[in-house]
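J.: Compact mmCIF, C-alpha atoms, file query-v3.txt:
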# COMPACT_ATOMS: atom_id res chain seq x y z
CA MET A 1 21.10 20.46 28.68
CA TYR A 2 19.69 18.39 25.95
CA SER A 3 16.39 18.32 24.05
CA LEU A 4 15.87 14.68 23.19
CA ASP A 5 14.24 13.58 19.93
CA THR A 6 12.16 10.39 19.60
CA SER A 7 14.86 8.84 17.43
CA PHE A 8 17.29 9.18 20.36
CA PHE A 9 15.11 6.90 22.49
CA MET A 10 14.52 4.44 19.65
CA ASP A 11 18.22 4.15 18.84
CA TRP A 12 19.14 3.90 22.49
CA GLN A 13 16.73 1.29 23.75
CA ALA A 14 15.25 -0.38 20.70
CA ARG A 15 18.22 -0.55 18.36
CA TYR A 16 21.74 -0.23 19.80
CA TYR A 17 22.03 0.01 23.59
CA PRO A 18 19.37 -2.12 25.33
CA LEU A 19 18.84 -1.41 29.01
CA ASP A 20 19.89 -4.86 30.21
CA LEU A 21 23.28 -4.60 28.51
CA PHE A 22 24.02 -0.93 29.22
CA PRO A 23 22.69 -0.19 32.73
CA THR A 24 25.12 2.66 33.37
CA LEU A 25 23.78 4.59 30.41
CA GLU A 26 20.29 4.43 31.84
CA ARG A 27 21.52 5.34 35.33
CA ASN A 28 23.30 8.41 34.00
CA LEU A 29 20.33 9.53 31.95
CA VAL A 30 17.94 9.13 34.86
CA GLY A 31 20.39 11.26 36.87
CA MET A 32 20.24 13.94 34.20
CA ILE A 33 16.44 13.86 34.24
CA GLY A 34 16.53 14.35 38.01
CA ALA A 35 18.97 17.24 37.61
CA GLY A 36 16.77 18.84 34.96
CA THR A 37 19.56 18.84 32.39
CA CYS A 38 17.62 17.01 29.71
CA GLY A 39 14.04 16.80 28.58
CA ALA A 40 11.73 16.05 25.69
CA VAL A 41 8.55 17.69 24.47
CA GLU A 42 5.26 15.86 25.04
CA LEU A 43 4.96 15.11 21.33
CA VAL A 44 8.00 12.85 21.71
CA LYS A 45 6.09 10.81 24.27
CA GLU A 46 3.19 10.55 21.82
CA GLU A 47 5.55 9.29 19.12
CA ILE A 48 7.10 6.76 21.49
CA ASP A 49 3.62 5.51 22.37
CA ALA A 50 2.76 5.24 18.68
CA VAL A 51 5.83 3.42 17.36
CA GLY A 52 8.03 2.37 20.28
CA THR A 53 8.72 -1.10 21.59
CA PRO A 54 6.71 -2.25 24.63
CA GLY A 55 9.83 -1.86 26.81
CA LEU A 56 10.46 1.70 25.67
CA ARG A 57 6.81 2.67 26.10
CA THR A 58 6.83 1.32 29.66
CA TRP A 59 10.11 3.06 30.43
CA ALA A 60 8.83 6.38 29.06
CA SER A 61 5.65 6.10 31.12
CA SER A 62 7.62 5.47 34.27
CA HIS A 63 9.82 8.55 33.67
CA SER A 64 7.08 11.05 33.01
CA GLY A 65 9.22 13.84 34.53
CA LEU A 66 11.31 13.72 31.40
CA PHE A 67 8.50 15.03 29.22
CA LEU A 68 7.92 18.75 29.28
CA PRO A 69 4.66 20.52 28.43
CA MET A 70 4.46 22.40 25.17
CA THR A 71 4.39 25.86 26.64
CA PRO A 72 3.13 28.81 24.57
CA GLU A 73 6.76 29.89 24.24
CA VAL A 74 7.73 26.53 22.72
CA GLN A 75 4.70 26.51 20.44
CA ILE A 76 5.38 30.01 19.13
CA GLU A 77 9.00 29.11 18.51
CA ALA A 78 7.99 25.86 16.75
CA ALA A 79 5.57 27.79 14.52
CA ALA A 80 8.35 30.20 13.56
CA ILE A 81 10.68 27.30 12.77
CA GLU A 82 8.05 25.60 10.61
CA ALA A 83 7.41 28.87 8.78
CA SER A 84 11.13 29.26 8.06
CA TYR A 85 11.70 25.61 7.21
CA PRO A 86 8.45 24.29 5.68
CA GLU A 87 10.22 21.11 4.60
CA LEU A 88 10.11 20.04 8.25
CA MET A 89 6.39 19.49 7.70
CA ASP A 90 4.91 17.23 5.09
CA PRO A 91 1.51 18.66 4.12
CA LYS A 92 0.56 15.20 2.87
CA GLY A 93 1.80 13.52 6.04
CA LEU A 94 -0.71 11.68 8.18
CA ASN A 95 1.10 12.32 11.49
CA GLU A 96 2.42 15.46 13.07
CA SER A 97 6.19 15.40 13.33
CA ALA A 98 7.81 16.46 16.61
CA ASP A 99 10.91 17.82 14.87
CA ALA A 100 10.09 21.54 15.06
CA TYR A 101 9.04 21.22 18.72
CA VAL A 102 12.21 19.36 19.65
CA ILE A 103 14.24 22.20 18.14
CA ALA A 104 11.97 24.84 19.70
CA LEU A 105 12.46 23.36 23.17
CA ALA A 106 16.23 23.44 22.68
CA LYS A 107 16.10 26.99 21.39
CA THR A 108 13.95 28.38 24.20
CA LYS A 109 16.09 26.73 26.89
CA GLY A 110 19.46 27.19 25.21
CA TRP A 111 19.90 23.41 25.00
CA LEU A 112 21.34 21.10 22.34
CA VAL A 113 19.23 18.78 20.20
CA VAL A 114 20.03 15.06 20.41
CA SER A 115 18.70 13.22 17.37
CA GLN A 116 19.60 10.38 15.05
CA GLU A 117 18.79 12.49 11.99
CA THR A 118 21.77 12.81 9.68
CA SER A 119 22.36 14.90 6.61
CA VAL A 120 22.29 13.24 3.21
CA GLN A 121 26.04 13.86 2.86
CA GLU A 122 26.75 11.78 5.93
CA MET B 123 2.76 28.90 9.51
CA PRO B 124 1.23 32.12 8.20
CA GLN B 125 -1.18 30.16 5.99
CA PRO B 126 -2.16 26.55 5.44
CA PRO B 127 0.09 24.71 2.98
CA THR B 128 -1.47 24.16 -0.42
CA ILE B 129 -1.70 20.61 -1.68
CA PRO B 130 -3.27 19.57 -4.98
CA PRO B 131 -6.70 17.90 -4.77
CA LEU B 132 -6.59 14.11 -4.53
CA ALA B 133 -8.65 13.91 -7.70
CA THR B 134 -5.67 15.19 -9.68
CA GLU B 135 -3.96 11.92 -8.83
CA PHE B 136 -6.47 9.08 -8.85
CA ARG B 137 -8.31 7.73 -11.85
CA ARG B 138 -12.00 8.24 -12.44
CA LEU B 139 -13.97 5.79 -10.33
CA PRO B 140 -17.53 4.78 -11.17
CA GLY B 141 -19.90 6.25 -8.57
CA VAL B 142 -17.28 8.46 -6.94
CA THR B 143 -17.57 12.22 -7.49
CA PRO B 144 -14.15 13.90 -7.40
CA GLY B 145 -13.80 15.95 -4.24
CA VAL B 146 -16.60 14.20 -2.34
CA GLU B 147 -14.96 10.85 -1.68
CA SER B 148 -15.79 9.14 1.62
CA PRO B 149 -13.40 9.89 4.52
CA GLU B 150 -12.22 6.25 4.46
CA LEU B 151 -11.44 6.42 0.75
CA ARG B 152 -9.71 9.78 1.12
CA LEU B 153 -7.50 8.35 3.85
CA ALA B 154 -6.66 5.34 1.68
CA LEU B 155 -5.80 7.62 -1.26
CA ARG B 156 -3.68 9.89 0.91
CA MET B 157 -1.77 6.92 2.28
CA MET B 158 -1.12 5.66 -1.26
CA SER B 159 0.01 9.09 -2.37
CA LEU B 160 2.25 9.49 0.66
CA ARG B 161 3.88 6.10 0.16
CA ARG B 162 4.49 6.86 -3.50
CA GLN B 163 6.10 10.17 -2.58
CA VAL B 164 8.26 8.50 0.10
CA MET B 165 9.27 5.81 -2.40
CA LEU B 166 10.41 8.43 -4.89
CA GLU B 167 12.36 10.30 -2.21
CA LEU B 168 14.04 7.14 -0.94
CA VAL B 169 14.91 5.91 -4.43
CA ASN B 170 16.59 9.25 -5.01
CA GLU B 171 18.30 9.24 -1.62
CA MET B 172 19.54 5.67 -1.99
CA ASP B 173 20.76 6.21 -5.57
CA GLU B 174 18.43 3.51 -6.81
CA THR B 175 17.01 3.52 -10.33
CA VAL B 176 13.41 4.37 -11.05
CA ILE B 177 11.84 1.88 -13.41
CA ASP B 178 9.98 3.84 -16.10
CA PHE B 179 6.59 2.44 -16.96
CA THR B 180 6.75 1.76 -20.69
CA ALA B 181 3.63 -0.21 -21.51
CA PRO B 182 1.13 2.19 -23.08
CA ALA B 183 -2.22 0.93 -24.33
CA HIS B 184 -4.72 2.55 -26.68
CA LEU B 185 -8.47 2.24 -26.89
CA SER B 186 -8.22 1.89 -30.66
CA GLU B 187 -6.43 -1.44 -30.24
CA ALA B 188 -8.17 -4.80 -29.98
CA PRO B 189 -8.50 -5.91 -26.33
CA LEU B 190 -7.06 -9.35 -27.19
CA GLU B 191 -4.03 -7.73 -28.77
CA VAL B 192 -3.42 -5.44 -25.77
CA GLY B 193 -3.98 -8.27 -23.29
CA SER B 194 -1.58 -10.53 -25.12
CA ARG B 195 1.10 -7.83 -25.30
CA LEU B 196 0.77 -6.89 -21.62
CA ARG B 197 0.85 -10.53 -20.53
CA GLU B 198 4.08 -10.97 -22.48
CA LEU B 199 5.54 -7.92 -20.71
CA LEU B 200 4.44 -9.22 -17.32
CA GLY B 201 6.42 -12.37 -17.97
CA VAL B 202 4.00 -14.85 -16.45
CA SER B 203 4.06 -18.05 -18.49
CA VAL B 204 1.01 -20.27 -18.90
CA GLN B 205 2.94 -23.24 -17.58
CA GLU B 206 3.89 -21.32 -14.44
CA GLN B 207 0.27 -20.24 -13.96
CA LEU B 208 -1.05 -23.78 -14.22
CA GLU B 209 1.48 -24.96 -11.62
CA TRP B 210 0.58 -22.48 -8.88
CA ARG B 211 -0.49 -24.37 -5.78
CA ASP B 212 -3.24 -21.95 -4.74
CA GLU B 213 -4.82 -18.57 -5.46
CA TRP B 214 -2.68 -16.80 -2.85
CA GLN B 215 0.46 -17.84 -4.67
CA ALA B 216 -1.15 -16.61 -7.87
CA TRP B 217 -1.97 -13.26 -6.27
CA ARG B 218 1.61 -12.78 -5.02
CA ARG B 219 3.08 -13.66 -8.40
CA TRP B 220 0.79 -11.37 -10.40
CA ARG B 221 1.50 -8.57 -7.94
CA GLU B 222 5.23 -9.12 -8.25
CA ALA B 223 4.93 -9.11 -12.05
CA VAL B 224 3.11 -5.77 -12.04
CA GLU B 225 5.61 -4.30 -9.56
CA SER B 226 8.49 -5.39 -11.78
CA LEU B 227 7.22 -3.01 -14.48
CA GLY B 228 7.59 0.05 -12.25
CA VAL B 229 4.13 0.10 -10.68
CA LEU B 230 3.65 0.30 -6.92
CA VAL B 231 0.97 -2.04 -5.61
CA PHE B 232 -0.63 -1.25 -2.27
CA GLN B 233 -3.68 -2.55 -0.44
CA PHE B 234 -6.00 -0.40 1.63
CA PRO B 235 -8.32 -1.35 4.50
CA LYS B 236 -11.58 -0.02 5.91
CA VAL B 237 -13.23 0.99 2.62
CA SER B 238 -16.42 -0.86 1.72
CA LEU B 239 -16.33 -2.90 -1.46
CA ASP B 240 -19.43 -1.19 -2.83
CA GLN B 241 -17.44 2.06 -2.90
CA VAL B 242 -14.37 0.81 -4.69
CA ARG B 243 -12.53 -2.45 -5.35
CA GLY B 244 -9.40 -0.91 -6.78
CA VAL B 245 -7.95 2.46 -7.71
CA SER B 246 -4.89 3.81 -9.49
CA LEU B 247 -2.78 6.92 -9.06
CA LEU B 248 -2.03 8.05 -12.60
CA LYS B 249 1.28 9.69 -11.78
CA PHE B 250 4.50 8.91 -13.59
CA PRO B 251 7.08 7.68 -12.79
CA MET B 252 5.93 5.07 -10.33
CA PRO B 253 2.20 4.99 -10.81
CA ALA B 254 0.42 3.19 -7.98
CA ILE B 255 -2.39 0.69 -7.73
CA GLY B 256 -4.47 0.23 -4.59
CA ILE B 257 -6.47 -2.93 -3.99
CA ASN B 258 -9.27 -3.04 -1.43
CA SER B 259 -8.19 -5.67 1.09
CA LYS B 260 -11.80 -6.35 2.05
CA GLU B 261 -11.81 -8.36 -1.17
CA SER B 262 -11.50 -11.78 0.43
CA ALA B 263 -10.95 -13.91 -2.68
CA PRO B 264 -7.40 -13.64 -4.02
CA GLY B 265 -8.72 -14.40 -7.50
CA ALA B 266 -10.85 -11.25 -7.31
CA ARG B 267 -7.84 -9.22 -6.16
CA ILE B 268 -5.93 -10.50 -9.20
CA PHE B 269 -8.66 -9.38 -11.58
CA THR B 270 -8.84 -5.95 -9.91
CA LEU B 271 -5.05 -5.62 -10.01
CA LEU B 272 -4.91 -6.26 -13.75
CA HIS B 273 -7.94 -4.08 -14.40
CA GLU B 274 -6.16 -1.20 -12.65
CA PHE B 275 -2.94 -2.07 -14.46
CA LEU B 276 -4.76 -1.52 -17.73
CA HIS B 277 -5.98 1.91 -16.56
CA ILE B 278 -2.35 2.84 -15.93
CA ALA B 279 -1.40 1.56 -19.38
CA LEU B 280 -4.18 3.70 -20.87
CA ALA B 281 -2.93 6.74 -18.96
CA ALA B 282 0.57 6.05 -20.26
CA GLY B 283 -0.94 6.05 -23.74
CA ASN B 284 -2.65 9.42 -23.08
CA GLU B 285 -6.06 7.76 -23.31
CA GLU B 286 -7.07 8.47 -19.72
CA LYS B 287 -6.65 11.32 -17.27
CA ALA B 288 -7.00 11.71 -13.51
CA ALA B 289 -10.56 11.99 -12.17
CA LEU B 290 -10.61 15.79 -12.02
CA SER B 291 -9.67 16.14 -15.69
CA GLU B 292 -11.62 13.21 -17.11
CA SER B 293 -14.47 14.65 -19.20
CA ARG B 294 -16.10 11.61 -20.85
CA ASN B 295 -19.79 11.04 -20.23
CA ASP B 296 -21.04 7.95 -18.39
CA THR B 297 -21.63 5.91 -21.54
CA GLU B 298 -18.20 6.70 -22.92
CA TRP B 299 -16.68 5.88 -19.56
CA SER B 300 -18.51 2.55 -19.41
CA ASN B 301 -16.81 1.67 -22.69
CA VAL B 302 -13.41 2.40 -21.14
CA GLU B 303 -14.25 0.21 -18.15
CA ARG B 304 -15.46 -2.61 -20.41
CA PHE B 305 -12.25 -2.37 -22.43
CA ALA B 306 -10.26 -2.64 -19.18
CA GLU B 307 -12.25 -5.70 -18.13
CA GLU B 308 -11.76 -7.46 -21.45
CA VAL B 309 -8.04 -6.80 -21.42
CA ALA B 310 -7.67 -7.92 -17.78
CA SER B 311 -9.56 -11.06 -18.64
CA GLU B 312 -7.30 -11.76 -21.62
CA ILE B 313 -4.17 -11.22 -19.51
CA ILE B 314 -5.32 -13.76 -16.93
CA ILE B 315 -6.89 -16.26 -19.34
CA PRO B 316 -5.36 -15.93 -22.81
CA GLU B 317 -7.71 -16.75 -25.62
CA ASN B 318 -5.50 -19.41 -27.22
CA VAL B 319 -5.00 -21.22 -23.91
CA LEU B 320 -8.70 -21.08 -23.12
CA GLN B 321 -9.54 -22.48 -26.56
CA SER B 322 -7.11 -25.35 -26.11
CA PHE B 323 -8.84 -26.21 -22.82
CA LEU B 324 -12.28 -25.93 -24.39
CA LYS B 325 -11.30 -28.28 -27.23
CA ARG B 326 -10.62 -30.94 -24.64
CA THR B 327 -14.03 -30.54 -23.01
CA SER B 328 -17.36 -31.61 -24.40
CA VAL B 329 -19.54 -29.03 -22.70
CA ALA B 330 -22.23 -27.69 -24.98
CA ARG B 331 -22.96 -23.99 -25.20
CA ASP B 332 -24.90 -22.77 -22.15
CA SER B 333 -24.38 -26.10 -20.37
CA TRP B 334 -21.73 -24.75 -18.01
CA ASP B 335 -22.94 -25.32 -14.45
CA VAL B 336 -21.31 -24.14 -11.22
CA PRO B 337 -19.06 -27.22 -10.68
CA LEU B 338 -17.78 -27.13 -14.27
CA VAL B 339 -16.94 -23.43 -14.13
CA ARG B 340 -15.34 -23.82 -10.68
CA SER B 341 -13.19 -26.63 -12.00
CA LEU B 342 -11.97 -24.62 -14.99
CA ALA B 343 -11.48 -21.47 -12.85
CA ALA B 344 -9.32 -23.42 -10.40
CA LYS B 345 -6.91 -24.33 -13.21
CA PHE B 346 -6.26 -20.65 -13.97
CA ARG B 347 -6.44 -19.54 -10.31
CA VAL B 348 -9.26 -17.12 -11.01
CA THR B 349 -12.68 -16.71 -9.44
CA PRO B 350 -15.53 -18.73 -10.95
CA LEU B 351 -17.31 -15.49 -11.72
CA ALA B 352 -14.33 -14.22 -13.71
CA MET B 353 -14.21 -17.53 -15.55
CA ALA B 354 -17.92 -17.37 -16.36
CA THR B 355 -17.42 -13.84 -17.69
CA ARG B 356 -14.55 -15.13 -19.81
CA LEU B 357 -16.67 -18.01 -21.11
CA ARG B 358 -19.37 -15.57 -22.08
CA ALA B 359 -16.85 -13.46 -23.99
CA ALA B 360 -15.57 -16.63 -25.67
CA GLY B 361 -19.10 -17.51 -26.81
CA GLN B 362 -19.47 -20.53 -24.52
CA LEU B 363 -22.30 -18.83 -22.68
CA SER B 364 -24.99 -16.71 -24.25
CA TRP B 365 -26.08 -13.63 -22.32
CA ARG B 366 -29.10 -15.61 -21.12
CA GLY B 367 -26.90 -18.57 -20.19
CA TYR B 368 -24.56 -16.22 -18.38
CA ARG B 369 -27.39 -14.67 -16.36
CA ASP B 370 -28.71 -18.12 -15.47
CA TRP B 371 -25.24 -19.20 -14.38
CA ARG B 372 -24.86 -16.11 -12.19
CA GLU B 373 -28.20 -16.92 -10.59
CA SER B 374 -26.98 -20.43 -9.79
CA TRP B 375 -23.70 -19.01 -8.54
CA SER B 376 -25.48 -16.61 -6.18
CA GLN B 377 -27.53 -19.51 -4.79
CA TYR B 378 -24.37 -21.55 -4.33
CA LEU B 379 -22.64 -18.70 -2.46
CA ALA B 380 -25.67 -18.20 -0.21
CA MET B 381 -25.40 -21.83 0.91
CA LEU B 382 -21.74 -21.53 1.93
CA LYS B 383 -20.80 -21.08 5.58
CA PRO B 384 -19.09 -17.78 6.35
CA ALA B 385 -15.32 -17.98 5.96
CA LYS B 386 -13.40 -18.64 9.16
CA GLY B 387 -12.05 -15.45 10.61
CA GLY B 388 -8.67 -14.79 12.12
CA PHE B 389 -6.28 -12.00 12.80
CA ALA B 390 -3.53 -11.15 10.37
CA HIS B 391 -0.20 -10.44 12.07
CA PRO B 392 0.86 -6.76 11.91
CA VAL B 393 3.85 -7.78 9.77
CA ASP B 394 1.60 -9.51 7.25
CA LYS B 395 -0.65 -6.43 7.20
CA THR B 396 2.33 -4.18 6.53
CA LEU B 397 3.67 -6.36 3.73
CA GLY B 398 0.22 -6.73 2.23
CA ARG B 399 -0.61 -3.04 2.38
CA ALA B 400 2.76 -1.43 1.62
CA GLY B 401 4.14 -4.13 -0.69
CA ARG B 402 7.56 -5.72 -0.64
CA PRO B 403 9.45 -3.20 -2.82
CA PHE B 404 8.36 -0.28 -0.64
CA THR B 405 8.95 -2.16 2.61
CA GLN B 406 12.37 -3.38 1.49
CA LEU B 407 13.48 0.13 0.54
CA VAL B 408 12.31 1.61 3.85
CA ILE B 409 14.28 -1.04 5.75
CA GLU B 410 17.37 -0.39 3.62
CA ALA B 411 17.02 3.36 4.21
CA LEU B 412 16.74 2.75 7.95
CA ASP B 413 19.80 0.50 7.96
CA GLY B 414 21.71 3.11 5.98
CA ASN B 415 20.70 5.80 8.52
CA ARG B 416 18.94 7.76 5.78
CA ILE B 417 15.74 7.80 7.81
CA THR B 418 15.02 7.44 11.52
CA ALA B 419 13.36 4.49 13.19
CA VAL B 420 10.36 6.75 13.83
CA GLN B 421 10.01 7.53 10.13
CA ALA B 422 10.36 3.86 9.22
CA CYS B 423 7.61 2.95 11.68
CA ARG B 424 5.36 5.70 10.32
CA TYR B 425 5.94 4.78 6.67
CA LEU B 426 5.25 1.11 7.35
CA ASP B 427 2.52 1.74 9.93
CA LEU B 428 4.26 -0.78 12.18
CA ARG B 429 5.62 -0.67 15.71
CA PHE B 430 9.36 -1.14 16.00
CA ASP B 431 9.11 -4.35 18.03
CA HIS B 432 7.80 -6.11 14.89
CA PHE B 433 10.78 -5.13 12.73
CA ASP B 434 12.80 -8.30 13.42
CA LYS B 435 9.91 -10.42 12.23
CA LEU B 436 9.47 -8.13 9.25
CA ARG B 437 13.12 -8.56 8.28
CA ALA B 438 12.81 -12.33 8.60
CA ASN B 439 9.74 -12.31 6.37
CA LEU B 440 11.52 -10.18 3.77
CA ARG B 441 14.44 -12.64 3.80
CA GLU B 442 12.50 -15.86 3.80
CA GLY B 443 9.32 -14.93 1.94
CA PRO B 444 5.71 -15.49 2.97
CA ARG B 445 4.92 -18.39 5.31
CA ALA B 446 2.45 -21.10 4.52
CA GLY B 447 -0.85 -20.70 6.33
CA GLN B 448 -0.50 -17.02 7.13
CA ILE B 449 -3.80 -15.21 7.56
CA PRO B 450 -4.29 -12.52 4.93
CA ASP B 451 -5.26 -8.96 5.70
CA ASP B 452 -9.06 -8.82 5.72
CA GLY B 453 -9.24 -5.06 5.37
CA ASP B 454 -10.53 -4.21 8.82
Now, as a test, write the supplied structure out as structure tokens.
T.:
Amino acid sequence: MYSLDTSFFMDWQARYYPLDLFPTLERNLVGMIGAGTCGAVELVKEEIDAVGTPGLRTWASSHSGLFLPMTPEVQIEAAAIEASYPELMDPKGLNESADAYVIALAKTKGWLVVSQETSVQE
Amino acid sequence: MPQPPTIPPLATEFRRLPGVTPGVESPELRLALRMMSLRRQVMLELVNEMDETVIDFTAPAHLSEAPLEVGSRLRELLGVSVQEQLEWRDEWQAWRRWREAVESLGVLVFQFPKVSLDQVRGVSLLKFPMPAIGINSKESAPGARIFTLLHEFLHIALAAGNEEKAALSESRNDTEWSNVERFAEEVASEIIIPENVLQSFLKRTSVARDSWDVPLVRSLAAKFRVTPLAMATRLRAAGQLSWRGYRDWRESWSQYLAMLKPAKGGFAHPVDKTLGRAGRPFTQLVIEALDGNRITAVQACRYLDLRFDHFDKLRANLREGPRAGQIPDDGD
């Protein structure tokens, strides 16, 4: 029951817990994908393709069931989130951030967001 | 969102550019300007987040001053000694050192690709603190990049002295603006080739006025790590070439260039492109912010325009400095 952010995948596979050293972690996550208890919006896949390591990009492509379409419900929710929290969007930014959609997916499904983002205080 | 977010026009940030009408820049130039503006904004945010200190730019220049005087003062501030300059092994080392010197005074230096040279060679964002200079990386000769860098540096100094405004607010006519550009060129020239040093070199040569041919100018230019064209311009200003002699020399120079084989191509590594375009201070701060968990890996990749699998190499380059023989970014 988790909406996974791009930073989750980057920290997992590209930074801290590579697949060859932590096979159980991957096995458990693949189990969760099969059980439908976690997912990520399609924008996350786009971000992985744009910035991810070759290994992560290949892994993401071979687990396409993980990525969920941006349904009208998710898009409406994301728009409401962006309207309430405009700082989530950078009007000068050159790429669309998936943040609001990751939260919207969690909100519409009653899931939790898994992200590396931390508050400044932390 | 109920309505599109409002952002100020780009022309409220960048300096007036000859031949560029504010608001109708080419798409390539607009993208380059937006990237510069975004990086500057990110830099300010990260400096704040990381409790770093912003270096205030404190080197104003005024059009009422003599170009030699301004050039001499700015060179002193930049901290590049003549002895150091004469010992540089090549023009790329010279380019890196001049860039570092400008960055040390609180100016961000970026490079931008994909914009044709006939549109723009360099541009500045006249925003303080942390004004930014962008150099067109299609400029293949490092000596030409150096001249453009210092020309833009002077525009920032003029803005700091309230002599120049961003493109949208700049109201001088074309003739008046040409005078500003000429002032910037003379100062840039003096920074790179100080008058007293040039005169000491000239005393040791026995070249008569207007007798400077292409090999002689190339030889002198190589000593200062500047382009022969910049050196010829400097010699004209120093009275070694008359206007007629200067035009004749340029004609010879054009013929010489036409005879040269095209430069060998190559592909710059993505890490070299990132360091060239974003600059070391920006890149270093993004990496530190990532390591301190102040930003995500995705943000770091976006800010540096680099895939994560290149980050180990990037870190090594930041630690060890540029490698010999690396292929520079050619702006494509």
J.: For chain A, work out the contacting residues on chain B at 6 Å, counting only C-alpha atoms, and write them as an mmCIF file with C-alpha atoms, keeping the file's coordinate frame.
T.:
data_model
loop_
_atom_site.group_PDB
_atom_site.id
_atom_site.type_symbol
_atom_site.label_atom_id
_atom_site.label_comp_id
_atom_site.auth_asym_id
_atom_site.auth_seq_id
_atom_site.Cartn_x
_atom_site.Cartn_y
_atom_site.Cartn_z
ATOM 1 C CA MET B 123 2.760 28.900 9.510
ATOM 2 C CA CYS B 423 7.610 2.950 11.680
ATOM 3 C CA ARG B 429 5.620 -0.670 15.710
ATOM 4 C CA PHE B 430 9.360 -1.140 16.000
ATOM 5 C CA ASP B 431 9.110 -4.350 18.030
#
J.: With distances taken over all atoms listed in the file, which residue among A:Ser62, A:Glu87, A:Glu73, A:Asn28 lies nearest Tyr101 of chain A?
T.: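 The answer is A:Glu73, which sits nearest to Tyr101 of chain A.
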J.: Do a neighbour search on segment 341-356 of chain B at 10 Å with only C-alpha atoms, toss out local chain neighbours closer than 2 positions, and write the hits as a compact mmCIF listing (two decimals) with C-alpha atoms, in the frame of the given file.
T.:
# COMPACT_ATOMS: atom_id res chain seq x y z
CA VAL B 204 1.01 -20.27 -18.90
CA GLN B 207 0.27 -20.24 -13.96
CA LEU B 208 -1.05 -23.78 -14.22
CA GLU B 209 1.48 -24.96 -11.62
CA TRP B 210 0.58 -22.48 -8.88
CA ARG B 211 -0.49 -24.37 -5.78
CA ASP B 212 -3.24 -21.95 -4.74
CA GLU B 213 -4.82 -18.57 -5.46
CA TRP B 214 -2.68 -16.80 -2.85
CA GLN B 215 0.46 -17.84 -4.67
CA ALA B 216 -1.15 -16.61 -7.87
CA TRP B 217 -1.97 -13.26 -6.27
CA ALA B 263 -10.95 -13.91 -2.68
CA PRO B 264 -7.40 -13.64 -4.02
CA GLY B 265 -8.72 -14.40 -7.50
CA ALA B 266 -10.85 -11.25 -7.31
CA ARG B 267 -7.84 -9.22 -6.16
CA ILE B 268 -5.93 -10.50 -9.20
CA PHE B 269 -8.66 -9.38 -11.58
CA GLU B 307 -12.25 -5.70 -18.13
CA GLU B 308 -11.76 -7.46 -21.45
CA SER B 311 -9.56 -11.06 -18.64
CA GLU B 312 -7.30 -11.76 -21.62
CA ILE B 314 -5.32 -13.76 -16.93
CA ILE B 315 -6.89 -16.26 -19.34
CA PRO B 316 -5.36 -15.93 -22.81
CA GLU B 317 -7.71 -16.75 -25.62
CA LEU B 320 -8.70 -21.08 -23.12
CA PHE B 323 -8.84 -26.21 -22.82
CA LEU B 324 -12.28 -25.93 -24.39
CA TRP B 334 -21.73 -24.75 -18.01
CA ASP B 335 -22.94 -25.32 -14.45
CA VAL B 336 -21.31 -24.14 -11.22
CA PRO B 337 -19.06 -27.22 -10.68
CA LEU B 338 -17.78 -27.13 -14.27
CA VAL B 339 -16.94 -23.43 -14.13
CA ARG B 358 -19.37 -15.57 -22.08
CA ALA B 359 -16.85 -13.46 -23.99
CA ALA B 360 -15.57 -16.63 -25.67
CA GLY B 361 -19.10 -17.51 -26.81
CA GLN B 362 -19.47 -20.53 -24.52
CA LEU B 363 -22.30 -18.83 -22.68
CA TRP B 365 -26.08 -13.63 -22.32
CA GLY B 367 -26.90 -18.57 -20.19
CA TYR B 368 -24.56 -16.22 -18.38
CA ARG B 369 -27.39 -14.67 -16.36
CA TRP B 371 -25.24 -19.20 -14.38
CA ARG B 372 -24.86 -16.11 -12.19
CA TRP B 375 -23.70 -19.01 -8.54
CA SER B 376 -25.48 -16.61 -6.18
J.: One decimal, Å: what's the distance from atom CA of Thr37 of chain A over to atom CA of Trp12 of chain A, could you say?
T.: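 Computing the Euclidean distance for atom CA of Thr37 of chain A and atom CA of Trp12 of chain A yields 17.9 Å.
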J.: Give me the residues near Arg243 of chain B as a VMD selection string, where near means some atom within 7 Å (using only C-alpha atoms) and where sequence neighbours in that chain fewer than 5 positions away do not count.
T.: chain B and resid 257 to 258 270
J.: Near Ala106 of chain A, counting all atoms listed in the file, which residues have an atom at most 9 Å away, once you skip same-chain residues fewer than 6 positions from it, shown as a PyMOL selection string?
T.: chain A and resi 1-4+112-113
J.: Restricting the calculation to only C-alpha atoms, which member of A:Asp99, A:Phe22, A:Gly36, A:Leu66 is positioned closest to Thr418 of chain B?
T.: A:Asp99
J.: Is there a way to get, as a list in words, all residues within 9 Å of the point (8.9, 26.7, 21.7) in file coordinates, counting all atoms listed in the file?
T.: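 All residues meeting the 9 Å criterion around (8.9, 26.7, 21.7) are Met70, Thr71, Pro72, Glu73, Val74, Gln75, Ile76, Glu77, Ala78, Ala79, Ala80, Ala100, Tyr101, Val102, Ile103, Ala104, Leu105, Ala106, Lys107, Thr108 and Lys109 of chain A.
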J.: Can you tell me how far atom CA of Glu150 of chain B sits from atom CA of Leu166 of chain B, in Å to one decimal?
T.: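 So the two atoms, atom CA of Glu150 of chain B and atom CA of Leu166 of chain B, lie 24.6 Å apart.
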J.: Could you pull the residues within 12 Å of Pro189 of chain B, counting only C-alpha atoms, minus those fewer than 2 positions along the same chain, as a PyMOL selection string?
T.: chain B and resi 183-187+191-197+276+280+301-313+316-317+359
J.: Interatomic distance between atom CA of Arg399 of chain B and atom CA of Tyr425 of chain B?
T.: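 Here the two named atoms are 11.1 Å from each other.
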